[in-house]
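A short worksheet on the structure shown next.
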There are 2 protein chains.
Amino acid sequence: MKLNHNYSSLTANYLFTEVAHKVNAYVEKHPEKEIIRLGIGDVTQPLVKCAVEAMQQASQEMGTREGFHGYGPEQGYAFLRQAIQARYAQWNAAVDQTEIFVSDGAKSDLANILGLFDVDNIVLVPDPVYPVYVDDNQMDGRKIVYVHGNRENSFLPMPDPTIQADIIYLCSPNNPTGAAYTKRQLESWVEYARAQDAVILYDAAYESFITQADCPHSIYEIDGAKECAIEICSFSKIAGFTGTRCGYTVVPLCLERQRMRLNPMWRRRQTTKFNGVAYVVQRAAAAVLTQQGLVQIQKNLDYYHNNARVLADVLHRAGIWYCGGENSPYLWMQCPGQMTSWQFFDWLLENCGIVGTPGAGFGACGEGYFRLSAFGNAEQTEIAAQAMQQKLMECFG
Amino acid sequence: MKLNHNYSSLTANYLFTEVAHKVNAYVEKHPEKEIIRLGIGDVTQPLVKCAVEAMQQASQEMGTREGFHGYGPEQGYAFLRQAIQARYAQWNAAVDQTEIFVSDGAKSDLANILGLFDVDNIVLVPDPVYPVYVDDNQMDGRKIVYVHGNRENSFLPMPDPTIQADIIYLCSPNNPTGAAYTKRQLESWVEYARAQDAVILYDAAYESFITQADCPHSIYEIDGAKECAIEICSFSKIAGFTGTRCGYTVVPLCLERQRMRLNPMWRRRQTTKFNGVAYVVQRAAAAVLTQQGLVQIQKNLDYYHNNARVLADVLHRAGIWYCGGENSPYLWMQCPGQMTSWQFFDWLLENCGIVGTPGAGFGACGEGYFRLSAFGNAEQTEIAAQAMQQKLMECFG
């Protein structure tokens, strides 16, 4: 019996454990002070009305002989794949229904898609980024190389033709930096991937936050992307489905490597290793993509965007460099006074009673930076902004 | 770029495609005849009332600020893990809550658990059996050996100490044969696994159909099983959740190989590659495990059991050898007149208008056998039974 020994070489990411530990210690020492949490990566607004109603209606159906649904198609019901297809059509990205695979979320798909690739591939990961890309590949023992995000490239690293890569992760808008690639920038990535015979895994989980006209919502807005990219998306941030669990992955029919087509491979993977998403959840997901649903979820997106603007204003007035916010619920700020990420964490907690996320937790290039989240409550975000403004001016103004 | 070339060596399982093809051809030729489907592996009874109500209530909560649930614990909410723990306690199988991991179903867990094991392990699979055990391992390139089920061992193959194995699949009650191991038989398997330093993957998806007192519901009813077995179960057959998606896997804290503990490995896997099950679904699963819920689901189990009895009576009266039915929704019959599985498929369709599943589709040892399912409608099952009885007596009586 041999276990997968790659597990023993995994580096434990204590980021959020360490954050919780420090916050608890602070609260114990200062029980009178109120803490405002701007570290959260989860949504806080309730599910929109049409999603709730769809789920209640579908639950009722499930209790009747005529309306009961057993095993559904592993790749998702046609009614939901049609709605997703229509979303792509609106961006002038032609996607066939057989290219869409509904799942329980982007995190699952990002992990499971790697099963289609040999262990002997070089993986290119931007730094800083969502830590599971690295963990997923370390569990399989793949070699990882990094492209560096920094203030000079506005945390939008571009391809280096001298670096060899087989699997390329892109996350736009990025978690944690909030930076979003423009169409021209993505064209360079597609060109690079095709030259390398690589496959891009495009994480579009935050696409619904995009407001800038020249930032694509989908990699398939780029010519030639269907020959080199798999897109993974989720209803978590589109519609607050973090606790409702629905996402989807697009594997183009024309995507082929080593004379094997990836679409039938993924279909075979999903039909063998997955049994589809709950009927009631798929009904809720389809409901948020109706005309009425889109209006309702936009209100929540506007709410978070407004929080982001409030926080951005403070950073702007304090003369602190930042990116994100415009196309993202995250603001990525340079720590003032040349503090490290963790030093600023302590400073912000002690001086303003605010909890944020140290950038160093997202990769080496995150050191000296800090993530603020706009997913909180508006009133609390406003109070936090005022406290930050005052203290930043006092100490670094 | 190298793809996973194990995919190209997968044998396509055309079982259900071929069944559909033959049925369509028959219907086209005989549009006047009514077909009764006893091939189905899916439940047909609607969700029980308390599951529907729990899901509706939870959906409503999700639409309120106070009741909204975002990301939940990846291993499942404590309220559901407590309910599952109580179920085990009732069988005198002590399971800790930290040993229980809630998931979207047994099929996912059966696939994903293999990530903890090296590719270089020998996998022991009973034949006939649920085909995904083989596919999952072929996708990783593991070597597979088989233990043979047959009429002599009542399709309950026992361990052969001369065969080396690292990973052992057991499915009891078995799909497709409906045969269930007794406590004594499982003790032999546990003894064998411990001697081999192997890990048993115990698929208990059909445990709720067990009626025989000496057939365990859980492998953990066997002394020493926690040191050598992972148990995978599902609400699909317990409570008709095939379209609602909830299951769970138990990885004992004391299960250790090569000085690595499998419980923290699985926790690491799930927290990295999975984001938990929908809150509304977990509420429904917990509801069916309440006192009231258990009464409601028992009515559905009784309904299917009654179908199984009706079919078993026919086989008994016709003097046809079969197993299953007593602890399972499946009956596994020997084809009469020395027909092959597919010959009997044609015979049954043409003579009785009944669709069943050829045993050969579940492995080489299934040749000459046939699976009938009790998951159908009671009236239809009764009509099918009468037709079968008449024709079997006429032709083979």
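Within each chain, counting starts at residue 1; across the structure tokens, chains are named A, B, ... in the order shown, with ligands numbered 1 upward in that order.
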Q: Give the alpha helix (DSSP H) residues of segment 17-163 of chain B, as DSSP finds them on the backbone, and put them as an NGL selection string.
A: :B and (17-29 or 49-62 or 78-90 or 106-112 or 132-140)
Using only C-alpha atoms, find which residues of chain A lie within 6 Å of chain B and jot them down as a PDB file with C-alpha atoms, in the first residue's frame.
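Okay, out_37.pdb is ready:
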ATOM      1  CA  MET A   1       0.000   0.000   0.000  1.00  0.00           C
ATOM      2  CA  LYS A   2       1.475   3.292  -1.084  1.00  0.00           C
ATOM      3  CA  LEU A   3      -0.116   6.608  -0.254  1.00  0.00           C
ATOM      4  CA  ASN A   4       0.127   9.730  -2.386  1.00  0.00           C
ATOM      5  CA  PRO A  46     -29.180  37.187   0.918  1.00  0.00           C
ATOM      6  CA  LEU A  47     -30.171  35.179  -2.154  1.00  0.00           C
ATOM      7  CA  VAL A  52     -35.541  31.633  -3.445  1.00  0.00           C
ATOM      8  CA  GLN A  56     -39.119  26.589  -3.189  1.00  0.00           C
ATOM      9  CA  SER A  59     -38.659  21.598  -3.816  1.00  0.00           C
ATOM     10  CA  MET A  62     -39.735  17.061  -5.937  1.00  0.00           C
ATOM     11  CA  GLY A  63     -42.461  16.029  -3.507  1.00  0.00           C
ATOM     12  CA  THR A  64     -44.883  15.066  -6.291  1.00  0.00           C
ATOM     13  CA  ARG A  65     -44.967  12.023  -8.542  1.00  0.00           C
ATOM     14  CA  PHE A  68     -40.004  14.388  -9.064  1.00  0.00           C
ATOM     15  CA  HIS A  69     -36.512  14.437 -10.561  1.00  0.00           C
ATOM     16  CA  GLY A  70     -34.079  11.567  -9.980  1.00  0.00           C
ATOM     17  CA  TYR A  71     -30.640  11.381 -11.567  1.00  0.00           C
ATOM     18  CA  LYS A 107     -13.314  25.003  -6.805  1.00  0.00           C
ATOM     19  CA  SER A 108     -14.318  21.416  -7.659  1.00  0.00           C
ATOM     20  CA  ALA A 111      -9.281  20.559  -9.077  1.00  0.00           C
ATOM     21  CA  LEU A 116      -7.219  15.163 -17.881  1.00  0.00           C
ATOM     22  CA  PHE A 117      -3.548  16.156 -17.868  1.00  0.00           C
ATOM     23  CA  ASP A 118      -0.443  14.112 -17.269  1.00  0.00           C
ATOM     24  CA  ASP A 166       1.932  23.483 -20.548  1.00  0.00           C
ATOM     25  CA  THR A 242     -21.407  30.376  -2.063  1.00  0.00           C
ATOM     26  CA  GLY A 243     -23.729  28.295   0.124  1.00  0.00           C
ATOM     27  CA  THR A 244     -25.962  27.106  -2.732  1.00  0.00           C
ATOM     28  CA  ARG A 245     -23.208  25.546  -4.880  1.00  0.00           C
ATOM     29  CA  LYS A 273     -16.961  10.573 -11.356  1.00  0.00           C
ATOM     30  CA  PHE A 274     -19.872  12.973 -10.815  1.00  0.00           C
ATOM     31  CA  ALA A 278     -29.287  19.121  -7.368  1.00  0.00           C
ATOM     32  CA  TYR A 279     -32.350  19.874  -9.496  1.00  0.00           C
TER      33      TYR A 279
END
Using only C-alpha atoms, which residues sit within 10 Å of Asn175 of chain A once same-chain residues fewer than 4 positions away are excluded, as an mmCIF file with N, CA, C and O atoms, in the first residue's frame?
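Listed below is the output, part_28.cif:
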data_model
loop_
_atom_site.group_PDB
_atom_site.id
_atom_site.type_symbol
_atom_site.label_atom_id
_atom_site.label_comp_id
_atom_site.auth_asym_id
_atom_site.auth_seq_id
_atom_site.Cartn_x
_atom_site.Cartn_y
_atom_site.Cartn_z
ATOM 1 N N GLY A 41 -13.993 36.765 2.155
ATOM 2 C CA GLY A 41 -14.060 36.480 0.725
ATOM 3 C C GLY A 41 -15.402 35.882 0.355
ATOM 4 O O GLY A 41 -15.569 35.365 -0.739
ATOM 5 N N PRO A 128 0.641 37.241 -7.000
ATOM 6 C CA PRO A 128 -0.199 36.475 -6.077
ATOM 7 C C PRO A 128 -1.461 35.937 -6.763
ATOM 8 O O PRO A 128 -1.901 36.483 -7.754
ATOM 9 N N VAL A 129 -2.024 34.881 -6.151
ATOM 10 C CA VAL A 129 -3.256 34.300 -6.682
ATOM 11 C C VAL A 129 -3.918 33.394 -5.638
ATOM 12 O O VAL A 129 -3.300 33.007 -4.633
ATOM 13 N N TYR A 130 -5.179 33.059 -5.916
ATOM 14 C CA TYR A 130 -5.993 32.092 -5.159
ATOM 15 C C TYR A 130 -5.138 30.831 -4.894
ATOM 16 O O TYR A 130 -4.719 30.157 -5.830
ATOM 17 N N PRO A 131 -4.864 30.508 -3.618
ATOM 18 C CA PRO A 131 -3.855 29.488 -3.313
ATOM 19 C C PRO A 131 -4.159 28.065 -3.780
ATOM 20 O O PRO A 131 -3.236 27.266 -3.879
ATOM 21 N N CYS A 171 -6.625 34.195 -13.769
ATOM 22 C CA CYS A 171 -7.782 34.523 -12.941
ATOM 23 C C CYS A 171 -8.056 35.999 -13.151
ATOM 24 O O CYS A 171 -7.267 36.835 -12.717
ATOM 25 N N ALA A 179 -7.326 43.005 -9.998
ATOM 26 C CA ALA A 179 -6.916 43.503 -11.316
ATOM 27 C C ALA A 179 -7.538 42.634 -12.411
ATOM 28 O O ALA A 179 -7.623 41.417 -12.280
ATOM 29 N N ALA A 180 -7.974 43.278 -13.509
ATOM 30 C CA ALA A 180 -8.628 42.546 -14.608
ATOM 31 C C ALA A 180 -7.880 42.823 -15.908
ATOM 32 O O ALA A 180 -7.521 43.968 -16.198
ATOM 33 N N ASP A 203 -10.055 31.175 -14.955
ATOM 34 C CA ASP A 203 -10.980 31.286 -13.822
ATOM 35 C C ASP A 203 -11.706 32.628 -13.915
ATOM 36 O O ASP A 203 -11.117 33.680 -13.653
ATOM 37 N N ALA A 205 -14.470 33.468 -12.188
ATOM 38 C CA ALA A 205 -15.430 33.500 -11.071
ATOM 39 C C ALA A 205 -15.924 34.914 -10.739
ATOM 40 O O ALA A 205 -17.038 35.085 -10.263
ATOM 41 N N TYR A 206 -15.076 35.928 -10.989
ATOM 42 C CA TYR A 206 -15.451 37.295 -10.606
ATOM 43 C C TYR A 206 -15.922 38.139 -11.789
ATOM 44 O O TYR A 206 -15.982 39.356 -11.688
ATOM 45 N N GLY A 324 -7.635 47.243 -8.249
ATOM 46 C CA GLY A 324 -8.872 46.520 -7.940
ATOM 47 C C GLY A 324 -10.006 47.454 -7.589
ATOM 48 O O GLY A 324 -9.873 48.673 -7.676
ATOM 49 N N SER A 328 -14.028 44.456 -9.450
ATOM 50 C CA SER A 328 -13.814 43.404 -8.451
ATOM 51 C C SER A 328 -14.327 43.838 -7.095
ATOM 52 O O SER A 328 -14.372 45.035 -6.798
ATOM 53 N N PRO A 329 -14.690 42.885 -6.243
ATOM 54 C CA PRO A 329 -15.053 43.230 -4.863
ATOM 55 C C PRO A 329 -13.812 43.411 -3.986
ATOM 56 O O PRO A 329 -13.955 43.684 -2.798
ATOM 57 N N TYR A 330 -12.614 43.229 -4.552
ATOM 58 C CA TYR A 330 -11.388 43.331 -3.756
ATOM 59 C C TYR A 330 -10.592 44.571 -4.111
ATOM 60 O O TYR A 330 -10.466 44.941 -5.273
ATOM 61 N N LEU A 331 -10.000 45.180 -3.061
ATOM 62 C CA LEU A 331 -9.013 46.243 -3.245
ATOM 63 C C LEU A 331 -7.681 45.716 -2.758
ATOM 64 O O LEU A 331 -7.604 45.105 -1.684
ATOM 65 N N TRP A 332 -6.673 45.981 -3.534
ATOM 66 C CA TRP A 332 -5.334 45.476 -3.249
ATOM 67 C C TRP A 332 -4.436 46.685 -3.049
ATOM 68 O O TRP A 332 -4.171 47.425 -4.002
ATOM 69 N N PHE A 362 -1.055 35.160 -0.239
ATOM 70 C CA PHE A 362 -1.450 34.754 -1.598
ATOM 71 C C PHE A 362 -0.251 34.514 -2.515
ATOM 72 O O PHE A 362 -0.408 34.399 -3.728
ATOM 73 N N ARG A 371 -5.160 42.929 1.220
ATOM 74 C CA ARG A 371 -6.456 42.854 0.536
ATOM 75 C C ARG A 371 -7.588 43.347 1.433
ATOM 76 O O ARG A 371 -7.733 42.895 2.565
#
Q. Could you name the residues that touch Asn92 of chain B at 10 Å or less, counting only C-alpha atoms, but leaving out those on the same chain fewer than 5 positions away, as an MDAnalysis selection string?
A. chainID B and resid 86:87 218 220:222
Q.
Residues near segment 302-308 of chain B, anyone? I mean within 8 Å using only C-alpha atoms, not counting same-chain ones fewer than 2 positions away, as a ChimeraX atom specification.
A. /B:209,298-300,310-312,325-326,328-331,373-376,378,381-382
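The gap separating atom CA of Arg309 of chain A from atom CA of Gly353 of chain A is 20.1 Å, in Å to one decimal.
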Q) Where in segment 168-352 of chain B does DSSP assign strand (DSSP E), given as a ChimeraX atom specification? A) /B:168-171,199-203,229-234,247-250,256-257,260-261,322-324,330-334
(Q) I'd like the neighbourhood of segment 145-148 of chain B as a PyMOL selection string, where a residue qualifies if any of its atoms comes within 12 Å (using only C-alpha atoms), though same-chain residues fewer than 6 positions away should be ignored. (A) chain B and resi 121-129+133-134+137-138+154-170+362-367
Q: Identify, on the basis of only C-alpha atoms, every residue whose closest approach to Cys352 of chain B does not exceed 8 Å; exclude the query and any residue fewer than 6 positions from it along the same chain; express the result as JSON, numbers by chain.
A: {"B": [384, 387, 388, 391]}
